[in-house]
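Let me begin by presenting the structure, written as structure tokens, before commenting on it.
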Amino acid sequence: MTRASRSAVRGRFAPSPSGDLHVGNLRTAMLAWLCARSAGGGFVLRVDDLDERARPAFAARQLADLVSVGVDWDGPILWQSRRRAAYRAAIDELAARGLVYECWCSRREIAEAARAPHSGGGAYPGTCRRLSGARRRALRAGAPRPPSLRLAAAVAEYEIADLVHGRHVGPVHDVVLQRWDGTPAYHLAVVVDDAAQGVTQVVRGGDLLGASPTQAYLAALLGLPEVVYGHVPLVVDRAGARLAKRSASASGSPVALADLAAAGQPPEAVARTLLRSLGSPADTLAGALASFDMRQVPGEPVLWRPAAGR
């Protein structure tokens, strides 16, 4: 394990309760659990419930589904919705150092800027960072809604350690720290919370690799410990698209535990299928611990093919 001794490893899983977990989410949770537990480490759970789509019923079902496939965790669950003061303190610390600026850009304006020639392809173009003092004062007085708050990044790229990708250098962006409605944004909240829970290892889907250099840089700015990442290939559907909470309705094939159970796939059968996709011959998650080897995990996206229920 890079930068973390076996005895110090603490992994985590942090679902957002805006829908049921799909098998891709569950596979990542199982892999994160195996990485931490096989190293003799701890494993904690956080519920990322700042999203306006979050619902307690979804959270309850997600927790039950994790238990159904063998995932357990140490200590109490951390709920992001109860930690707004911690996020505000982090923003205030960054603002006091001149590392925060106001942004009045809408999503449409950002998307249009990204489509412009020589835009750099999707990253925030820094429009509001370059505003004059007079223009900023005018927007404060007359804009139709309050500004969001963005990180004023002082570097263009940052290096992270990754269990899958090794040393990875990626771009750093002026990410939103607080949305216009006062809601703390994802990048800030996950960094503050990983530190609060003592997380040293973040195993998650490969689609988040691009976010990690910015998050690691943000942690460094706040004086928080570095984590080791592990960005793993995703579970995909027959069209090669990553699974999402809406995948079942889009494809007609069940991808959530309850729907799979109704189709004759009980949780234990789903867990076995997911363990096979991780290169493990074990029948249960606990049984996979002794022989778990991250090198056996396939390096390519996994096509979801549920096995017959037993």
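In the structure tokens, the first chain shown is A, the next is B, and so on; residue numbers restart at 1 for each chain, and ligands run from 1 in the order shown.
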Discussion item. If we count only C-alpha atoms and set the cut-off at 9 Å, which residues sit around Gln197 in chain A, ignoring sequence neighbours fewer than 6 positions away in its own chain? Please answer as JSON, numbers by chain.
Written reply: {"A": [10, 12, 44, 45, 46, 78]}
Worksheet item: DSSP says strand (DSSP E) for which residues of range 44-234 of chain A? Put them as an MDAnalysis selection string?
Response: chainID A and resid 44:47 78:79 100:103 148:151 157:162 166:171 176:178 201:205 228:232
Output of the above residues as a short mmCIF file (atom, residue, chain, number, x, y, z; two decimals), in the first residue's frame, restricted to N, CA, C and O atoms:
```cif
data_model
loop_
_atom_site.label_atom_id
_atom_site.label_comp_id
_atom_site.auth_asym_id
_atom_site.auth_seq_id
_atom_site.Cartn_x
_atom_site.Cartn_y
_atom_site.Cartn_z
N VAL A 44 -15.24 2.64 7.10
CA VAL A 44 -16.30 3.51 7.61
C VAL A 44 -17.28 3.82 6.50
O VAL A 44 -17.00 3.65 5.31
N LEU A 45 -18.45 4.30 6.93
CA LEU A 45 -19.52 4.61 5.98
C LEU A 45 -19.97 6.05 6.18
O LEU A 45 -20.06 6.54 7.31
N ARG A 46 -20.21 6.70 5.08
CA ARG A 46 -20.74 8.06 5.08
C ARG A 46 -21.92 8.12 4.13
O ARG A 46 -21.91 7.46 3.08
N VAL A 47 -22.93 8.89 4.47
CA VAL A 47 -24.06 9.11 3.57
C VAL A 47 -23.97 10.53 3.03
O VAL A 47 -24.08 11.50 3.78
N LEU A 78 -21.55 8.65 9.23
CA LEU A 78 -21.47 10.10 9.15
C LEU A 78 -22.46 10.58 8.08
O LEU A 78 -22.43 10.11 6.94
N TRP A 79 -23.31 11.53 8.46
CA TRP A 79 -24.31 12.10 7.55
C TRP A 79 -23.87 13.52 7.18
O TRP A 79 -23.75 14.38 8.04
N VAL A 100 -10.74 31.89 -2.47
CA VAL A 100 -12.14 31.71 -2.84
C VAL A 100 -12.60 32.94 -3.61
O VAL A 100 -12.21 34.06 -3.28
N TYR A 101 -13.40 32.75 -4.66
CA TYR A 101 -14.00 33.89 -5.34
C TYR A 101 -15.46 33.58 -5.68
O TYR A 101 -15.87 32.42 -5.76
N GLU A 102 -16.22 34.63 -5.86
CA GLU A 102 -17.64 34.51 -6.18
C GLU A 102 -17.82 34.24 -7.67
O GLU A 102 -17.08 34.74 -8.50
N CYS A 103 -18.84 33.45 -7.97
CA CYS A 103 -19.11 33.08 -9.37
C CYS A 103 -20.61 33.18 -9.64
O CYS A 103 -21.41 32.52 -8.96
N SER A 148 -22.29 31.50 -6.43
CA SER A 148 -21.63 30.34 -5.84
C SER A 148 -20.22 30.77 -5.45
O SER A 148 -19.77 31.85 -5.81
N LEU A 149 -19.56 29.93 -4.69
CA LEU A 149 -18.18 30.20 -4.29
C LEU A 149 -17.27 29.16 -4.92
O LEU A 149 -17.54 27.95 -4.82
N ARG A 150 -16.19 29.61 -5.55
CA ARG A 150 -15.25 28.71 -6.23
C ARG A 150 -13.87 28.79 -5.60
O ARG A 150 -13.46 29.82 -5.06
N LEU A 151 -13.16 27.68 -5.74
CA LEU A 151 -11.76 27.62 -5.34
C LEU A 151 -10.91 28.40 -6.34
O LEU A 151 -11.02 28.20 -7.56
N GLU A 157 -1.92 21.59 -12.01
CA GLU A 157 -2.04 20.14 -11.89
C GLU A 157 -1.51 19.69 -10.55
O GLU A 157 -0.81 20.44 -9.84
N TYR A 158 -1.86 18.44 -10.22
CA TYR A 158 -1.45 17.90 -8.92
C TYR A 158 -1.30 16.39 -9.05
O TYR A 158 -1.98 15.75 -9.87
N GLU A 159 -0.42 15.82 -8.25
CA GLU A 159 -0.13 14.39 -8.33
C GLU A 159 -0.80 13.65 -7.18
O GLU A 159 -0.82 14.11 -6.04
N ILE A 160 -1.34 12.48 -7.50
CA ILE A 160 -1.93 11.61 -6.49
C ILE A 160 -1.30 10.22 -6.60
O ILE A 160 -0.69 9.87 -7.62
N ALA A 161 -1.44 9.45 -5.52
CA ALA A 161 -1.04 8.04 -5.53
C ALA A 161 -2.30 7.20 -5.70
O ALA A 161 -3.31 7.42 -5.01
N ASP A 162 -2.25 6.24 -6.61
CA ASP A 162 -3.43 5.43 -6.93
C ASP A 162 -3.05 3.95 -6.99
O ASP A 162 -2.03 3.59 -7.61
N GLY A 166 -1.06 4.01 -10.24
CA GLY A 166 0.25 4.42 -9.77
C GLY A 166 0.28 5.92 -9.48
O GLY A 166 -0.68 6.49 -8.97
N ARG A 167 1.41 6.56 -9.81
CA ARG A 167 1.50 8.01 -9.65
C ARG A 167 0.76 8.66 -10.82
O ARG A 167 1.10 8.45 -11.98
N HIS A 168 -0.26 9.42 -10.50
CA HIS A 168 -1.10 10.02 -11.53
C HIS A 168 -1.11 11.53 -11.36
O HIS A 168 -1.37 12.04 -10.26
N VAL A 169 -0.82 12.24 -12.44
CA VAL A 169 -0.85 13.70 -12.43
C VAL A 169 -2.03 14.14 -13.29
O VAL A 169 -2.17 13.72 -14.44
N GLY A 170 -2.87 15.00 -12.71
CA GLY A 170 -4.03 15.47 -13.45
C GLY A 170 -4.29 16.94 -13.19
O GLY A 170 -3.73 17.54 -12.27
N PRO A 171 -5.16 17.54 -14.00
CA PRO A 171 -5.43 18.97 -13.87
C PRO A 171 -6.19 19.30 -12.59
O PRO A 171 -6.96 18.50 -12.08
N VAL A 176 -16.49 24.43 -7.66
CA VAL A 176 -17.43 25.07 -6.76
C VAL A 176 -17.26 24.49 -5.36
O VAL A 176 -17.18 23.27 -5.16
N LEU A 177 -17.17 25.38 -4.37
CA LEU A 177 -17.09 24.98 -2.96
C LEU A 177 -18.43 25.10 -2.27
O LEU A 177 -18.73 24.35 -1.33
N GLN A 178 -19.23 26.06 -2.71
CA GLN A 178 -20.57 26.26 -2.16
C GLN A 178 -21.48 26.72 -3.28
O GLN A 178 -21.15 27.64 -4.03
N GLN A 201 -7.67 5.67 2.58
CA GLN A 201 -7.75 4.98 1.30
C GLN A 201 -9.15 5.16 0.71
O GLN A 201 -10.14 4.85 1.36
N VAL A 202 -9.20 5.69 -0.51
CA VAL A 202 -10.48 5.94 -1.18
C VAL A 202 -10.52 5.10 -2.45
O VAL A 202 -9.87 5.44 -3.45
N VAL A 203 -11.25 4.00 -2.40
CA VAL A 203 -11.45 3.14 -3.57
C VAL A 203 -12.82 3.47 -4.15
O VAL A 203 -13.83 3.39 -3.45
N ARG A 204 -12.85 3.84 -5.42
CA ARG A 204 -14.11 4.26 -6.03
C ARG A 204 -14.02 4.08 -7.54
O ARG A 204 -12.99 3.66 -8.07
N GLY A 205 -15.11 4.41 -8.23
CA GLY A 205 -15.17 4.19 -9.67
C GLY A 205 -14.19 5.01 -10.46
O GLY A 205 -13.85 6.15 -10.09
N VAL A 228 -4.64 7.68 -0.19
CA VAL A 228 -4.28 6.89 -1.37
C VAL A 228 -5.58 6.51 -2.07
O VAL A 228 -6.53 6.05 -1.43
N TYR A 229 -5.63 6.75 -3.36
CA TYR A 229 -6.83 6.44 -4.13
C TYR A 229 -6.70 5.08 -4.80
O TYR A 229 -5.61 4.52 -4.92
N GLY A 230 -7.84 4.59 -5.24
CA GLY A 230 -7.89 3.40 -6.07
C GLY A 230 -9.08 3.54 -7.00
O GLY A 230 -10.22 3.32 -6.59
N HIS A 231 -8.84 3.94 -8.23
CA HIS A 231 -9.92 4.16 -9.19
C HIS A 231 -10.07 2.93 -10.07
O HIS A 231 -9.20 2.63 -10.88
N VAL A 232 -11.17 2.24 -9.87
CA VAL A 232 -11.35 0.92 -10.47
C VAL A 232 -12.31 0.98 -11.65
O VAL A 232 -13.17 1.86 -11.73
#
```
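Residue neighbourhood of Ser81 in chain A, excluding near-sequence residues (fewer than 5 positions): Asp48, Asp49 and Leu50 of chain A, at 8 Å, using only C-alpha atoms.
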Dump C-alpha atoms for the selected residues as a PDB file, in the first residue's frame?
```
ATOM      1  CA  ASP A  48     -23.602  11.962   1.091  1.00  0.00           C
ATOM      2  CA  ASP A  49     -27.087  13.406   1.578  1.00  0.00           C
ATOM      3  CA  LEU A  50     -26.522  17.051   0.635  1.00  0.00           C
TER       4      LEU A  50
END
```
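Among the candidates A:Ser68, A:Gln265, A:Gln80, A:Gln62, the residue lying nearest to Thr183 in chain A is A:Gln80 (atoms considered: only C-alpha atoms).
Our summary of the geometry notes that CA of Ala219 in chain A is positioned 12.3 Å from CA of Val199 in chain A.
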Show me a table, sorted first by chain and then by increasing residue number, of the residues of range 44-148 of chain A having an atom at most 9 Å from range 16-35 of chain A, each with its shortest atom pair and the distance in Å to one decimal, counting only C-alpha atoms and written as a tab-separated table.
```
residue	atom	partner	partner_atom	distance
A:Arg46	CA	A:Ser16	CA	8.9
A:Val47	CA	A:Ser16	CA	6.0
A:Asp48	CA	A:Ser16	CA	4.7
A:Asp49	CA	A:Ser16	CA	5.7
A:Leu50	CA	A:Ser16	CA	8.2
A:Asp51	CA	A:Ser18	CA	7.5
A:Glu52	CA	A:Ser18	CA	8.3
A:Arg53	CA	A:Ser18	CA	5.1
A:Ala54	CA	A:Ser18	CA	4.4
A:Arg55	CA	A:Pro17	CA	6.0
A:Pro56	CA	A:Pro17	CA	7.3
A:Ala57	CA	A:Pro17	CA	8.1
A:Phe58	CA	A:Pro17	CA	5.1
A:Ala59	CA	A:Pro17	CA	4.8
A:Ala60	CA	A:Pro17	CA	8.5
A:Arg61	CA	A:Asp20	CA	6.9
A:Gln62	CA	A:Leu21	CA	6.0
A:Asp65	CA	A:Leu21	CA	7.6
A:Leu66	CA	A:Leu26	CA	6.9
A:Val69	CA	A:Leu26	CA	7.8
A:Gly70	CA	A:Met30	CA	7.9
A:Val71	CA	A:Met30	CA	6.4
A:Asp72	CA	A:Trp33	CA	8.1
A:Trp73	CA	A:Trp33	CA	8.6
```
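Residues in contact with Leu139 in chain A at up to 12 Å, not including ones fewer than 5 positions away on its chain and judged by only C-alpha atoms, are Glu102, Cys103, Trp104, Cys105, Cys128, Leu131, Ser132, Gly133, Ala134, Pro144, Arg145, Pro146 and Pro147 of chain A.
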Keeping only N, CA and C atoms, write the selected residues to a file as a short mmCIF file (atom, residue, chain, number, x, y, z; two decimals), in the first residue's frame.
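What ended up in again-v9.cif:
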```
data_model
loop_
_atom_site.label_atom_id
_atom_site.label_comp_id
_atom_site.auth_asym_id
_atom_site.auth_seq_id
_atom_site.Cartn_x
_atom_site.Cartn_y
_atom_site.Cartn_z
N GLU A 102 -16.22 34.63 -5.86
CA GLU A 102 -17.64 34.51 -6.18
C GLU A 102 -17.82 34.24 -7.67
N CYS A 103 -18.84 33.45 -7.97
CA CYS A 103 -19.11 33.08 -9.37
C CYS A 103 -20.61 33.18 -9.64
N TRP A 104 -20.97 34.00 -10.62
CA TRP A 104 -22.37 34.17 -10.99
C TRP A 104 -22.73 33.40 -12.26
N CYS A 105 -21.82 32.64 -12.81
CA CYS A 105 -22.09 31.93 -14.06
C CYS A 105 -23.14 30.85 -13.87
N CYS A 128 -15.50 34.43 -13.92
CA CYS A 128 -15.72 35.31 -12.77
C CYS A 128 -14.43 35.57 -11.98
N LEU A 131 -13.10 38.94 -13.21
CA LEU A 131 -13.95 40.13 -13.17
C LEU A 131 -13.23 41.31 -12.52
N SER A 132 -13.53 42.49 -13.01
CA SER A 132 -13.02 43.71 -12.36
C SER A 132 -13.77 43.94 -11.06
N GLY A 133 -13.20 44.74 -10.21
CA GLY A 133 -13.87 45.08 -8.95
C GLY A 133 -15.21 45.73 -9.19
N ALA A 134 -15.30 46.61 -10.17
CA ALA A 134 -16.55 47.30 -10.46
C ALA A 134 -17.62 46.32 -10.93
N PRO A 144 -29.60 38.26 -10.28
CA PRO A 144 -30.88 37.69 -9.86
C PRO A 144 -30.77 36.65 -8.74
N ARG A 145 -29.59 36.16 -8.50
CA ARG A 145 -29.42 35.20 -7.40
C ARG A 145 -28.02 35.36 -6.82
N PRO A 146 -27.81 34.85 -5.60
CA PRO A 146 -26.48 34.96 -4.99
C PRO A 146 -25.44 34.18 -5.80
N PRO A 147 -24.17 34.48 -5.61
CA PRO A 147 -23.13 33.75 -6.33
C PRO A 147 -22.82 32.42 -5.65
#
```
Fill in: For range 82-92 of chain A: contacts at 8 Å, only C-alpha atoms, fewer than 3 positions along chain excluded, given as JSON, numbers by chain
{"A": [79, 95, 96, 100, 177, 184, 188, 189, 192, 222]}
Worksheet entry | Spatial neighbours of Trp304 in chain A, max dist 7 Å, only C-alpha atoms, sep filter under 4 positions, as a VMD selection string | chain A and resid 235 to 237
Practice prompt. Identify all residues of range 53-300 of chain A in helix (DSSP H, G or I) (DSSP on the backbone) and supply them as an MDAnalysis selection string.
Written response: chainID A and resid 56:68 80:82 84:96 107:115 128:130 133:142 186:196 206:221 247:251 257:262 267:277 285:288 294:296
